[in-house]
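As provided, model22.txt (compact mmCIF, C-alpha atoms and all ligand atoms) reads as follows.
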# COMPACT_ATOMS: atom_id res chain seq x y z
CA MET A 1 0.67 42.90 13.15
CA HIS A 2 3.01 39.98 13.80
CA THR A 3 2.45 36.78 11.86
CA ILE A 4 2.38 33.25 13.20
CA THR A 5 2.82 29.71 11.89
CA ILE A 6 -0.29 27.53 11.89
CA ALA A 7 0.10 23.75 11.61
CA VAL A 8 -2.97 21.70 10.64
CA ASP A 9 -2.39 17.95 10.91
CA GLY A 10 -4.71 15.00 11.03
CA HIS A 11 -6.12 11.94 9.35
CA SER A 12 -6.87 11.60 5.63
CA SER A 13 -10.08 13.12 4.32
CA THR A 14 -10.90 15.14 7.41
CA GLY A 15 -11.29 18.23 5.28
CA LYS A 16 -8.00 19.68 6.57
CA SER A 17 -7.06 21.24 3.24
CA THR A 18 -10.40 22.95 2.71
CA LEU A 19 -10.38 24.41 6.18
CA ALA A 20 -6.71 25.37 6.24
CA LYS A 21 -7.04 27.09 2.87
CA GLN A 22 -10.17 28.93 3.94
CA LEU A 23 -8.40 30.20 7.04
CA ALA A 24 -5.27 31.24 5.12
CA ASP A 25 -7.37 33.18 2.59
CA TYR A 26 -9.34 34.90 5.35
CA ILE A 27 -6.35 36.07 7.37
CA GLY A 28 -4.15 36.74 4.33
CA TYR A 29 -1.60 34.00 5.00
CA ILE A 30 0.14 31.66 2.58
CA TYR A 31 -1.40 28.19 2.42
CA VAL A 32 0.61 25.04 1.71
CA ASP A 33 -0.94 21.60 1.12
CA THR A 34 2.00 19.29 1.87
CA GLY A 35 0.00 16.18 0.92
CA ALA A 36 0.05 17.50 -2.66
CA MET A 37 3.86 17.39 -2.56
CA TYR A 38 3.90 13.71 -1.50
CA ARG A 39 1.26 13.00 -4.13
CA ALA A 40 3.29 14.68 -6.88
CA ILE A 41 6.32 12.52 -6.07
CA THR A 42 4.04 9.48 -6.13
CA LEU A 43 2.75 10.47 -9.55
CA PHE A 44 6.34 10.71 -10.73
CA ALA A 45 7.06 7.18 -9.39
CA LEU A 46 3.98 5.76 -11.13
CA ARG A 47 4.82 7.38 -14.44
CA ALA A 48 8.45 6.26 -14.24
CA GLY A 49 7.32 2.66 -13.79
CA PHE A 50 8.65 2.41 -10.23
CA VAL A 51 5.49 0.64 -9.07
CA VAL A 52 5.51 -2.96 -10.22
CA GLU A 53 2.51 -5.19 -9.49
CA GLY A 54 1.35 -2.70 -6.89
CA LYS A 55 4.70 -2.59 -5.14
CA LEU A 56 6.85 0.52 -4.95
CA GLN A 57 10.53 0.17 -5.87
CA ALA A 58 11.82 2.67 -3.34
CA ASP A 59 15.50 2.43 -4.33
CA LYS A 60 14.75 3.55 -7.86
CA LEU A 61 12.81 6.53 -6.62
CA ILE A 62 15.54 7.51 -4.14
CA ASN A 63 18.12 7.45 -6.95
CA VAL A 64 16.31 10.09 -8.99
CA LEU A 65 14.93 12.24 -6.17
CA ALA A 66 17.41 15.03 -6.82
CA ASP A 67 15.95 15.44 -10.32
CA ILE A 68 12.40 15.94 -9.07
CA THR A 69 11.18 19.49 -8.58
CA ILE A 70 7.94 20.27 -6.81
CA ALA A 71 6.57 23.80 -6.87
CA PHE A 72 3.32 25.67 -6.29
CA GLN A 73 1.95 28.29 -8.62
CA LYS A 74 -1.30 30.24 -8.37
CA ASN A 75 -3.90 29.78 -11.10
CA SER A 76 -6.04 32.60 -12.53
CA GLU A 77 -8.41 32.31 -9.54
CA GLY A 78 -5.57 32.65 -7.06
CA LYS A 79 -5.61 28.99 -6.03
CA ALA A 80 -2.17 27.43 -5.58
CA GLU A 81 -1.66 24.41 -7.81
CA VAL A 82 1.11 21.86 -7.66
CA TYR A 83 3.71 21.48 -10.42
CA LEU A 84 5.90 18.44 -11.00
CA ASN A 85 9.04 19.30 -12.98
CA GLY A 86 7.27 22.30 -14.45
CA GLU A 87 4.00 20.49 -15.33
CA ASN A 88 0.73 21.34 -13.62
CA VAL A 89 -0.40 18.03 -12.06
CA GLU A 90 -3.10 19.33 -9.71
CA LYS A 91 -5.76 17.02 -11.21
CA GLN A 92 -3.59 13.95 -11.78
CA ILE A 93 -2.48 13.76 -8.14
CA ARG A 94 -6.05 13.33 -6.84
CA THR A 95 -6.78 9.95 -8.48
CA LEU A 96 -7.20 6.70 -6.54
CA ALA A 97 -4.07 5.30 -8.26
CA VAL A 98 -2.00 8.02 -6.58
CA SER A 99 -3.89 7.70 -3.26
CA GLU A 100 -3.11 3.99 -3.21
CA GLN A 101 0.66 4.52 -3.50
CA VAL A 102 1.20 7.76 -1.65
CA SER A 103 1.51 6.35 1.86
CA PRO A 104 4.34 3.93 0.90
CA VAL A 105 6.11 6.85 -0.83
CA ALA A 106 5.68 8.95 2.31
CA THR A 107 7.46 6.30 4.42
CA ILE A 108 10.75 6.93 2.56
CA SER A 109 13.05 9.05 4.73
CA GLU A 110 14.87 10.56 1.74
CA VAL A 111 11.54 11.76 0.34
CA ARG A 112 10.53 13.21 3.70
CA SER A 113 13.76 15.10 4.31
CA LYS A 114 13.68 16.62 0.84
CA LEU A 115 10.11 17.83 1.29
CA VAL A 116 10.49 18.93 4.91
CA GLU A 117 13.41 21.16 3.97
CA GLN A 118 11.38 22.76 1.19
CA GLN A 119 8.40 23.19 3.53
CA ARG A 120 10.51 24.93 6.18
CA ASN A 121 11.84 27.35 3.58
CA MET A 122 8.31 28.19 2.48
CA GLY A 123 7.41 29.22 6.03
CA GLU A 124 10.32 31.52 6.60
CA GLY A 125 9.42 35.00 7.72
CA GLN A 126 5.78 34.98 6.70
CA GLY A 127 2.37 34.04 7.98
CA ILE A 128 1.65 30.49 6.87
CA VAL A 129 -1.00 27.83 7.26
CA MET A 130 0.43 24.43 6.39
CA ASP A 131 -1.47 21.18 6.42
CA GLY A 132 -0.19 17.62 6.50
CA ARG A 133 0.69 14.86 8.94
CA ASP A 134 3.92 16.00 10.59
CA ILE A 135 3.70 19.78 10.47
CA GLY A 136 3.25 20.39 14.20
CA THR A 137 5.60 17.55 15.18
CA VAL A 138 8.47 17.76 12.67
CA VAL A 139 8.27 20.61 10.17
CA PHE A 140 7.32 23.39 12.60
CA PRO A 141 7.54 22.03 16.15
CA ASP A 142 7.46 25.65 17.39
CA ALA A 143 4.30 26.61 15.49
CA GLN A 144 2.22 29.02 17.58
CA LEU A 145 -1.00 27.20 16.70
CA LYS A 146 -1.30 23.46 16.13
CA VAL A 147 -4.56 21.82 15.22
CA PHE A 148 -5.16 18.10 14.87
CA MET A 149 -8.21 17.14 12.84
CA THR A 150 -9.96 13.84 12.96
CA ALA A 151 -13.31 12.17 12.27
CA SER A 152 -14.58 8.59 12.17
CA SER A 153 -13.28 6.59 9.19
CA LYS A 154 -16.84 6.03 7.90
CA VAL A 155 -17.60 9.74 7.86
CA ARG A 156 -14.30 10.45 6.12
CA ALA A 157 -14.87 7.70 3.54
CA GLN A 158 -18.35 9.02 2.78
CA ARG A 159 -16.99 12.52 2.15
CA ARG A 160 -14.23 11.23 -0.11
CA TYR A 161 -16.62 8.87 -1.91
CA ASP A 162 -19.02 11.75 -2.64
CA GLU A 163 -16.13 13.85 -3.92
CA LEU A 164 -14.74 11.13 -6.22
CA ARG A 165 -18.18 10.14 -7.53
CA GLY A 166 -18.95 13.80 -8.09
CA ARG A 167 -15.91 13.91 -10.34
CA GLY A 168 -17.19 10.90 -12.24
CA ASP A 169 -14.82 8.26 -10.80
CA GLU A 170 -16.20 4.70 -10.96
CA ILE A 171 -15.54 3.62 -7.43
CA THR A 172 -17.33 1.85 -4.58
CA PHE A 173 -17.73 3.10 -1.02
CA ASP A 174 -15.87 0.02 0.26
CA GLN A 175 -12.85 0.74 -1.95
CA VAL A 176 -12.66 4.26 -0.56
CA LEU A 177 -13.08 3.10 3.04
CA GLU A 178 -10.40 0.46 2.60
CA ASN A 179 -7.98 3.03 1.15
CA ILE A 180 -8.60 5.43 4.03
CA GLN A 181 -8.09 2.75 6.67
CA GLU A 182 -4.95 1.49 4.99
CA ARG A 183 -3.50 4.99 4.74
CA ASP A 184 -4.31 5.66 8.42
CA TYR A 185 -2.45 2.49 9.31
CA ILE A 186 0.65 3.17 7.19
CA ASP A 187 0.76 6.87 8.10
CA SER A 188 0.59 6.25 11.83
CA THR A 189 2.89 3.22 12.03
CA ARG A 190 5.74 4.31 9.74
CA GLU A 191 9.11 4.78 11.42
CA ASP A 192 9.97 8.23 10.10
CA SER A 193 7.67 11.00 11.35
CA PRO A 194 4.53 8.94 11.96
CA LEU A 195 1.19 10.71 12.08
CA ARG A 196 0.87 11.78 15.72
CA GLN A 197 -0.99 14.45 17.51
CA ALA A 198 1.53 16.99 18.84
CA LYS A 199 1.30 17.32 22.65
CA ASP A 200 0.28 20.96 22.34
CA ALA A 201 -2.19 20.45 19.47
CA ILE A 202 -5.87 21.28 19.77
CA VAL A 203 -8.08 18.44 18.54
CA ILE A 204 -11.03 19.13 16.28
CA ASP A 205 -13.19 16.04 15.71
CA ASN A 206 -15.45 17.11 12.88
CA SER A 207 -17.54 13.94 12.54
CA ASP A 208 -20.61 15.97 13.46
CA MET A 209 -19.53 19.49 12.59
CA ASN A 210 -20.29 21.46 9.46
CA LEU A 211 -17.64 23.47 7.68
CA GLU A 212 -18.91 26.78 9.00
CA ASP A 213 -18.68 25.69 12.63
CA GLN A 214 -15.19 24.29 12.12
CA PHE A 215 -14.09 27.48 10.45
CA HIS A 216 -15.32 29.60 13.34
CA VAL A 217 -13.49 27.44 15.89
CA LEU A 218 -10.26 27.62 13.88
CA LEU A 219 -10.55 31.31 13.15
CA GLN A 220 -11.05 32.14 16.82
CA LEU A 221 -8.01 30.08 17.78
CA ALA A 222 -5.94 31.81 15.11
CA LYS A 223 -7.12 35.28 16.16
CA ASP A 224 -6.26 34.57 19.79
CA ARG A 225 -2.79 33.33 18.92
CA ILE A 226 -2.10 36.21 16.55
CA ALA A 227 -3.12 38.64 19.27
CA GLY A 228 -0.88 36.73 21.67
CA ARG A 229 -3.80 36.06 24.02
CA ILE A 230 -3.17 32.32 24.59
O1 LIG B 301 -3.32 15.02 2.81
P1 LIG B 301 -3.29 13.98 1.70
O2 LIG B 301 -4.34 12.91 1.86
O3 LIG B 301 -3.30 14.58 0.34
O4 LIG B 301 -1.87 13.27 1.89
C1 LIG B 301 -1.47 12.22 1.07
C2 LIG B 301 -0.50 11.29 1.79
O5 LIG B 301 0.74 11.96 1.98
C3 LIG B 301 -0.94 10.81 3.15
O6 LIG B 301 -1.51 9.51 3.06
C4 LIG B 301 0.31 10.79 3.97
C5 LIG B 301 1.30 11.62 3.24
N1 LIG B 301 1.67 12.86 3.93
C6 LIG B 301 2.69 12.80 4.85
O7 LIG B 301 3.20 11.72 5.11
N2 LIG B 301 3.14 13.93 5.43
C7 LIG B 301 2.59 15.12 5.16
N3 LIG B 301 3.04 16.22 5.74
C8 LIG B 301 1.50 15.20 4.23
C9 LIG B 301 1.06 14.04 3.65

Would you write out, as structure tokens, the structure that this file holds?
Amino acid sequence: MHTITIAVDGHSSTGKSTLAKQLADYIGYIYVDTGAMYRAITLFALRAGFVVEGKLQADKLINVLADITIAFQKNSEGKAEVYLNGENVEKQIRTLAVSEQVSPVATISEVRSKLVEQQRNMGEGQGIVMDGRDIGTVVFPDAQLKVFMTASSKVRAQRRYDELRGRGDEITFDQVLENIQERDYIDSTREDSPLRQAKDAIVIDNSDMNLEDQFHVLLQLAKDRIAGRI
């Protein structure tokens, strides 16, 4: 059976990763969480002291970009985890400190071109589900299936808040909501590859949908495209 490229883009905390991964597992495709790559570079910048008084020193990061290696490796349960220069940083990239700096890092063109090149190589010649912000518009503009996921910012903040609290983070709902709204703003207004819905993307607004319903919608779309029906 021929394989296709599936691009899942959308706003922060819409559950894109969960859904994209579930689909990839089900149809036996590779899954790539590109947000994890931007987060890993952000973690590097934080650790290197390139964020001073909350402000990112982009020039310093650009200067050392060539020395940063991002890779994915499966853990014992088969889940792909992100590695920064050989270190597993899957947990460290999910903190609020990283979330607060990742959008400024993602505005840097040098960062984007480095990661986009790596992402394109990952998709070569195999079935892939990739999620992010610019997958259907920039990374794989010819993807056979493009999905754009969205939900109201309150619903997204509640989901993220529950997740962070569940992990024991001391955080308020308002902090989470503010972070989500700020990331939406930066992601969609940046000059290089802003978050946009591709013209040929199918929108899934999951404000009032459970995971099972979303999965069925996505799976049907994928099956149709794989069979060449649409
Ligand atoms: O999907 P996420 O929330 O983990 O993504 C983190 C940030 O990375 C997000 O605020 C925007 C940026 N990003 C991007 O600019 N392009 C991508 N393809 C993926 C993520």

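Within the 9 Å cut-off around A:Thr137, using only C-alpha atoms and omitting residues fewer than 6 positions from it on the same chain, the listed residues are Ser193, Leu195, Arg196, Gln197, Ala198 and Lys199 of chain A.
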
Which neighbours of A:Tyr31 fall inside 10 Å, counting all atoms listed in the file, when residues of the same chain fewer than 4 positions from it are skipped, and could you give them as a ChimeraX atom specification?
/A:6,17,20-25,79-80,122-123,127-131

Just C-alpha atoms for this one: save the residues we selected as a PDB file, in the coordinates of the input.
ATOM      1  CA  ILE A   6      -0.290  27.530  11.890  1.00  0.00           C
ATOM      2  CA  SER A  17      -7.060  21.240   3.240  1.00  0.00           C
ATOM      3  CA  ALA A  20      -6.710  25.370   6.240  1.00  0.00           C
ATOM      4  CA  LYS A  21      -7.040  27.090   2.870  1.00  0.00           C
ATOM      5  CA  GLN A  22     -10.170  28.930   3.940  1.00  0.00           C
ATOM      6  CA  LEU A  23      -8.400  30.200   7.040  1.00  0.00           C
ATOM      7  CA  ALA A  24      -5.270  31.240   5.120  1.00  0.00           C
ATOM      8  CA  ASP A  25      -7.370  33.180   2.590  1.00  0.00           C
ATOM      9  CA  LYS A  79      -5.610  28.990  -6.030  1.00  0.00           C
ATOM     10  CA  ALA A  80      -2.170  27.430  -5.580  1.00  0.00           C
ATOM     11  CA  MET A 122       8.310  28.190   2.480  1.00  0.00           C
ATOM     12  CA  GLY A 123       7.410  29.220   6.030  1.00  0.00           C
ATOM     13  CA  GLY A 127       2.370  34.040   7.980  1.00  0.00           C
ATOM     14  CA  ILE A 128       1.650  30.490   6.870  1.00  0.00           C
ATOM     15  CA  VAL A 129      -1.000  27.830   7.260  1.00  0.00           C
ATOM     16  CA  MET A 130       0.430  24.430   6.390  1.00  0.00           C
ATOM     17  CA  ASP A 131      -1.470  21.180   6.420  1.00  0.00           C
TER      18      ASP A 131
END

Counting all atoms listed in the file, figure out which residue out of A:Gln158, A:Thr5, A:Thr18, A:Asn75 gets nearest to A:Gly136.
A:Thr5

Just checking: using only C-alpha atoms, which residue out of A:Thr107, A:Glu87, A:Arg156, A:Gln118 ends up closest to A:Asp208?
A:Arg156

With 12 Å as the threshold, what does the neighbourhood of (-13.9, 8.9, -9.3) contain in terms of residues, counting all atoms listed in the file? Coordinates are those of the file; answer as a list in words.
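It turns out the residues near that spot are Lys91, Gln92, Arg94, Thr95, Leu96, Ala97, Ser99, Arg160, Tyr161, Asp162, Glu163, Leu164, Arg165, Gly166, Arg167, Gly168, Asp169, Glu170, Ile171, Thr172, Phe173, Gln175 and Val176 of chain A.
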
Once you add 5 Å to each side, what are the centre and edge lengths of the axis-aligned box holding all listed atoms of ligand LIG 301 (chain B)? One decimal in Å, as JSON, if you can.
{"center_x": -0.6, "center_y": 12.9, "center_z": 3.0, "size_x": 17.5, "size_y": 16.7, "size_z": 15.4}

Write out, as a tab-separated table, each residue of chain A that has an atom at most 9 Å from ligand LIG 301 (chain B), together with the closest pair of atoms and their distance in Å to one decimal, counting all atoms listed in the file, rows going by chain and rising number.
residue	atom	partner	partner_atom	distance
A:Asp9	CA	B:LIG301	N3	7.7
A:Gly10	CA	B:LIG301	O1	8.3
A:His11	CA	B:LIG301	O1	7.8
A:Ser12	CA	B:LIG301	O2	4.7
A:Ser13	CA	B:LIG301	O2	6.2
A:Thr14	CA	B:LIG301	O1	8.9
A:Gly15	CA	B:LIG301	O1	8.9
A:Lys16	CA	B:LIG301	O1	7.6
A:Ser17	CA	B:LIG301	O1	7.3
A:Asp33	CA	B:LIG301	O1	7.2
A:Thr34	CA	B:LIG301	C8	4.7
A:Gly35	CA	B:LIG301	O4	3.6
A:Ala36	CA	B:LIG301	O3	5.4
A:Met37	CA	B:LIG301	C8	7.5
A:Tyr38	CA	B:LIG301	O5	5.0
A:Arg39	CA	B:LIG301	C1	5.9
A:Ile93	CA	B:LIG301	O3	8.6
A:Arg94	CA	B:LIG301	O3	7.8
A:Val98	CA	B:LIG301	C1	8.7
A:Ser99	CA	B:LIG301	C1	6.7
A:Glu100	CA	B:LIG301	O6	8.5
A:Gln101	CA	B:LIG301	O6	8.5
A:Val102	CA	B:LIG301	C2	5.2
A:Ser103	CA	B:LIG301	O6	4.5
A:Pro104	CA	B:LIG301	O6	8.4
A:Val105	CA	B:LIG301	C5	7.9
A:Ala106	CA	B:LIG301	O7	4.7
A:Thr107	CA	B:LIG301	O7	6.9
A:Arg112	CA	B:LIG301	O7	7.6
A:Leu115	CA	B:LIG301	N3	8.5
A:Val116	CA	B:LIG301	N3	8.0
A:Met130	CA	B:LIG301	N3	8.6
A:Asp131	CA	B:LIG301	N3	6.7
A:Gly132	CA	B:LIG301	N3	3.6
A:Arg133	CA	B:LIG301	N3	4.2
A:Asp134	CA	B:LIG301	N3	4.9
A:Ile135	CA	B:LIG301	N3	6.0
A:Val138	CA	B:LIG301	N3	8.9
A:Val139	CA	B:LIG301	N3	8.1
A:Ile180	CA	B:LIG301	O6	8.2
A:Glu182	CA	B:LIG301	O6	8.9
A:Arg183	CA	B:LIG301	O6	5.2
A:Asp184	CA	B:LIG301	O6	7.2
A:Ile186	CA	B:LIG301	O6	7.9
A:Asp187	CA	B:LIG301	C4	5.7
A:Ser193	CA	B:LIG301	O7	7.7
A:Pro194	CA	B:LIG301	O7	7.5
A:Leu195	CA	B:LIG301	O7	7.3

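Distances from A:Ile41, A:Glu53, A:Leu145, A:Ser152 to A:Val89 were compared using all atoms listed in the file, and the smallest one belongs to A:Ile41.
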
Could you check how far atom CA of A:Ile68 sits from atom CA of A:Gln119, in Å to one decimal?
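We find that atom CA of A:Ile68 and atom CA of A:Gln119 lie 15.1 Å from each other.
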
Given all atoms listed in the file as the counted atoms, nearest of A:Arg159, A:Lys223, A:Arg229, A:Lys60 to A:Ala45
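So, comparing all the options, the nearest one is A:Lys60.
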
I'd like the interatomic distance between atom CA of A:Val217 and atom CA of A:Arg120, to a tenth of an Å.
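Value for the atom CA of A:Val217-atom CA of A:Arg120 distance: 26.0 Å.
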
Using all atoms listed in the file, which residues sit within 7 Å of A:Ile226 once same-chain residues fewer than 5 positions away are excluded, as a PDB file with C-alpha atoms, keeping the file's coordinate frame?
ATOM      1  CA  HIS A   2       3.010  39.980  13.800  1.00  0.00           C
ATOM      2  CA  THR A   3       2.450  36.780  11.860  1.00  0.00           C
ATOM      3  CA  ILE A   4       2.380  33.250  13.200  1.00  0.00           C
TER       4      ILE A   4
END

A:Met209 surroundings by all atoms listed in the file, 12 Å radius, close-in-sequence under 4 positions cut, as a PDB file with C-alpha atoms, keeping the file's coordinate frame:
ATOM      1  CA  THR A  14     -10.900  15.140   7.410  1.00  0.00           C
ATOM      2  CA  GLY A  15     -11.290  18.230   5.280  1.00  0.00           C
ATOM      3  CA  MET A 149      -8.210  17.140  12.840  1.00  0.00           C
ATOM      4  CA  THR A 150      -9.960  13.840  12.960  1.00  0.00           C
ATOM      5  CA  ALA A 151     -13.310  12.170  12.270  1.00  0.00           C
ATOM      6  CA  SER A 152     -14.580   8.590  12.170  1.00  0.00           C
ATOM      7  CA  VAL A 155     -17.600   9.740   7.860  1.00  0.00           C
ATOM      8  CA  ILE A 204     -11.030  19.130  16.280  1.00  0.00           C
ATOM      9  CA  ASP A 205     -13.190  16.040  15.710  1.00  0.00           C
ATOM     10  CA  ASP A 213     -18.680  25.690  12.630  1.00  0.00           C
ATOM     11  CA  GLN A 214     -15.190  24.290  12.120  1.00  0.00           C
ATOM     12  CA  PHE A 215     -14.090  27.480  10.450  1.00  0.00           C
ATOM     13  CA  HIS A 216     -15.320  29.600  13.340  1.00  0.00           C
ATOM     14  CA  VAL A 217     -13.490  27.440  15.890  1.00  0.00           C
TER      15      VAL A 217
END

Using Å and a single decimal, report how far atom CA of A:Ser207 sits from atom CA of A:Ile30.
26.9 Å

Can I get stretch 32-41 of chain A with all heavy atoms filled in, as a PDB file, in the coordinates of the input?
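Result went into part_9.pdb, see below:
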ATOM      1  N   VAL A  32      -0.140  26.113   2.376  1.00  0.00           N
ATOM      2  CA  VAL A  32       0.610  25.040   1.710  1.00  0.00           C
ATOM      3  C   VAL A  32      -0.005  23.675   2.052  1.00  0.00           C
ATOM      4  O   VAL A  32      -0.130  23.307   3.230  1.00  0.00           O
ATOM      5  CB  VAL A  32       2.106  25.038   2.108  1.00  0.00           C
ATOM      6  CG1 VAL A  32       2.842  23.882   1.421  1.00  0.00           C
ATOM      7  CG2 VAL A  32       2.764  26.364   1.739  1.00  0.00           C
ATOM      8  N   ASP A  33      -0.374  22.953   1.004  1.00  0.00           N
ATOM      9  CA  ASP A  33      -0.940  21.600   1.120  1.00  0.00           C
ATOM     10  C   ASP A  33       0.231  20.620   0.916  1.00  0.00           C
ATOM     11  O   ASP A  33       0.614  20.339  -0.214  1.00  0.00           O
ATOM     12  CB  ASP A  33      -2.002  21.443   0.022  1.00  0.00           C
ATOM     13  CG  ASP A  33      -2.494  20.018  -0.139  1.00  0.00           C
ATOM     14  OD1 ASP A  33      -2.073  19.135   0.629  1.00  0.00           O
ATOM     15  OD2 ASP A  33      -3.307  19.793  -1.060  1.00  0.00           O
ATOM     16  N   THR A  34       0.803  20.131   2.021  1.00  0.00           N
ATOM     17  CA  THR A  34       2.000  19.290   1.870  1.00  0.00           C
ATOM     18  C   THR A  34       1.666  17.903   1.311  1.00  0.00           C
ATOM     19  O   THR A  34       2.513  17.257   0.714  1.00  0.00           O
ATOM     20  CB  THR A  34       2.762  19.123   3.204  1.00  0.00           C
ATOM     21  OG1 THR A  34       1.903  18.486   4.152  1.00  0.00           O
ATOM     22  CG2 THR A  34       3.221  20.464   3.743  1.00  0.00           C
ATOM     23  N   GLY A  35       0.407  17.471   1.500  1.00  0.00           N
ATOM     24  CA  GLY A  35       0.000  16.180   0.920  1.00  0.00           C
ATOM     25  C   GLY A  35       0.164  16.206  -0.593  1.00  0.00           C
ATOM     26  O   GLY A  35       0.545  15.212  -1.218  1.00  0.00           O
ATOM     27  N   ALA A  36      -0.082  17.367  -1.196  1.00  0.00           N
ATOM     28  CA  ALA A  36       0.050  17.500  -2.660  1.00  0.00           C
ATOM     29  C   ALA A  36       1.494  17.249  -3.086  1.00  0.00           C
ATOM     30  O   ALA A  36       1.739  16.722  -4.180  1.00  0.00           O
ATOM     31  CB  ALA A  36      -0.387  18.899  -3.092  1.00  0.00           C
ATOM     32  N   MET A  37       2.435  17.588  -2.219  1.00  0.00           N
ATOM     33  CA  MET A  37       3.860  17.390  -2.560  1.00  0.00           C
ATOM     34  C   MET A  37       4.183  15.886  -2.560  1.00  0.00           C
ATOM     35  O   MET A  37       4.857  15.389  -3.463  1.00  0.00           O
ATOM     36  CB  MET A  37       4.745  18.138  -1.564  1.00  0.00           C
ATOM     37  CG  MET A  37       4.455  19.642  -1.536  1.00  0.00           C
ATOM     38  SD  MET A  37       5.287  20.511  -0.186  1.00  0.00           S
ATOM     39  CE  MET A  37       6.919  20.741  -0.867  1.00  0.00           C
ATOM     40  N   TYR A  38       3.684  15.165  -1.540  1.00  0.00           N
ATOM     41  CA  TYR A  38       3.900  13.710  -1.500  1.00  0.00           C
ATOM     42  C   TYR A  38       3.170  13.039  -2.665  1.00  0.00           C
ATOM     43  O   TYR A  38       3.661  12.080  -3.266  1.00  0.00           O
ATOM     44  CB  TYR A  38       3.446  13.124  -0.156  1.00  0.00           C
ATOM     45  CG  TYR A  38       4.375  13.514   0.970  1.00  0.00           C
ATOM     46  CD1 TYR A  38       4.151  14.665   1.720  1.00  0.00           C
ATOM     47  CD2 TYR A  38       5.515  12.764   1.247  1.00  0.00           C
ATOM     48  CE1 TYR A  38       5.025  15.058   2.724  1.00  0.00           C
ATOM     49  CE2 TYR A  38       6.398  13.141   2.259  1.00  0.00           C
ATOM     50  CZ  TYR A  38       6.149  14.294   2.986  1.00  0.00           C
ATOM     51  OH  TYR A  38       7.031  14.674   3.969  1.00  0.00           O
ATOM     52  N   ARG A  39       2.023  13.565  -3.009  1.00  0.00           N
ATOM     53  CA  ARG A  39       1.260  13.000  -4.130  1.00  0.00           C
ATOM     54  C   ARG A  39       1.990  13.227  -5.455  1.00  0.00           C
ATOM     55  O   ARG A  39       1.996  12.359  -6.328  1.00  0.00           O
ATOM     56  CB  ARG A  39      -0.137  13.646  -4.187  1.00  0.00           C
ATOM     57  CG  ARG A  39      -1.076  13.143  -3.102  1.00  0.00           C
ATOM     58  CD  ARG A  39      -2.390  13.906  -3.075  1.00  0.00           C
ATOM     59  NE  ARG A  39      -3.270  13.379  -2.048  1.00  0.00           N
ATOM     60  CZ  ARG A  39      -4.125  12.387  -2.242  1.00  0.00           C
ATOM     61  NH1 ARG A  39      -4.249  11.836  -3.441  1.00  0.00           N
ATOM     62  NH2 ARG A  39      -4.870  11.950  -1.256  1.00  0.00           N
ATOM     63  N   ALA A  40       2.590  14.396  -5.616  1.00  0.00           N
ATOM     64  CA  ALA A  40       3.290  14.680  -6.880  1.00  0.00           C
ATOM     65  C   ALA A  40       4.484  13.740  -7.054  1.00  0.00           C
ATOM     66  O   ALA A  40       4.730  13.229  -8.151  1.00  0.00           O
ATOM     67  CB  ALA A  40       3.746  16.148  -6.904  1.00  0.00           C
ATOM     68  N   ILE A  41       5.186  13.464  -5.974  1.00  0.00           N
ATOM     69  CA  ILE A  41       6.320  12.520  -6.070  1.00  0.00           C
ATOM     70  C   ILE A  41       5.799  11.118  -6.393  1.00  0.00           C
ATOM     71  O   ILE A  41       6.401  10.370  -7.169  1.00  0.00           O
ATOM     72  CB  ILE A  41       7.157  12.549  -4.777  1.00  0.00           C
ATOM     73  CG1 ILE A  41       7.845  13.917  -4.697  1.00  0.00           C
ATOM     74  CG2 ILE A  41       8.161  11.393  -4.747  1.00  0.00           C
ATOM     75  CD1 ILE A  41       9.025  14.028  -3.795  1.00  0.00           C
TER      76      ILE A  41
END
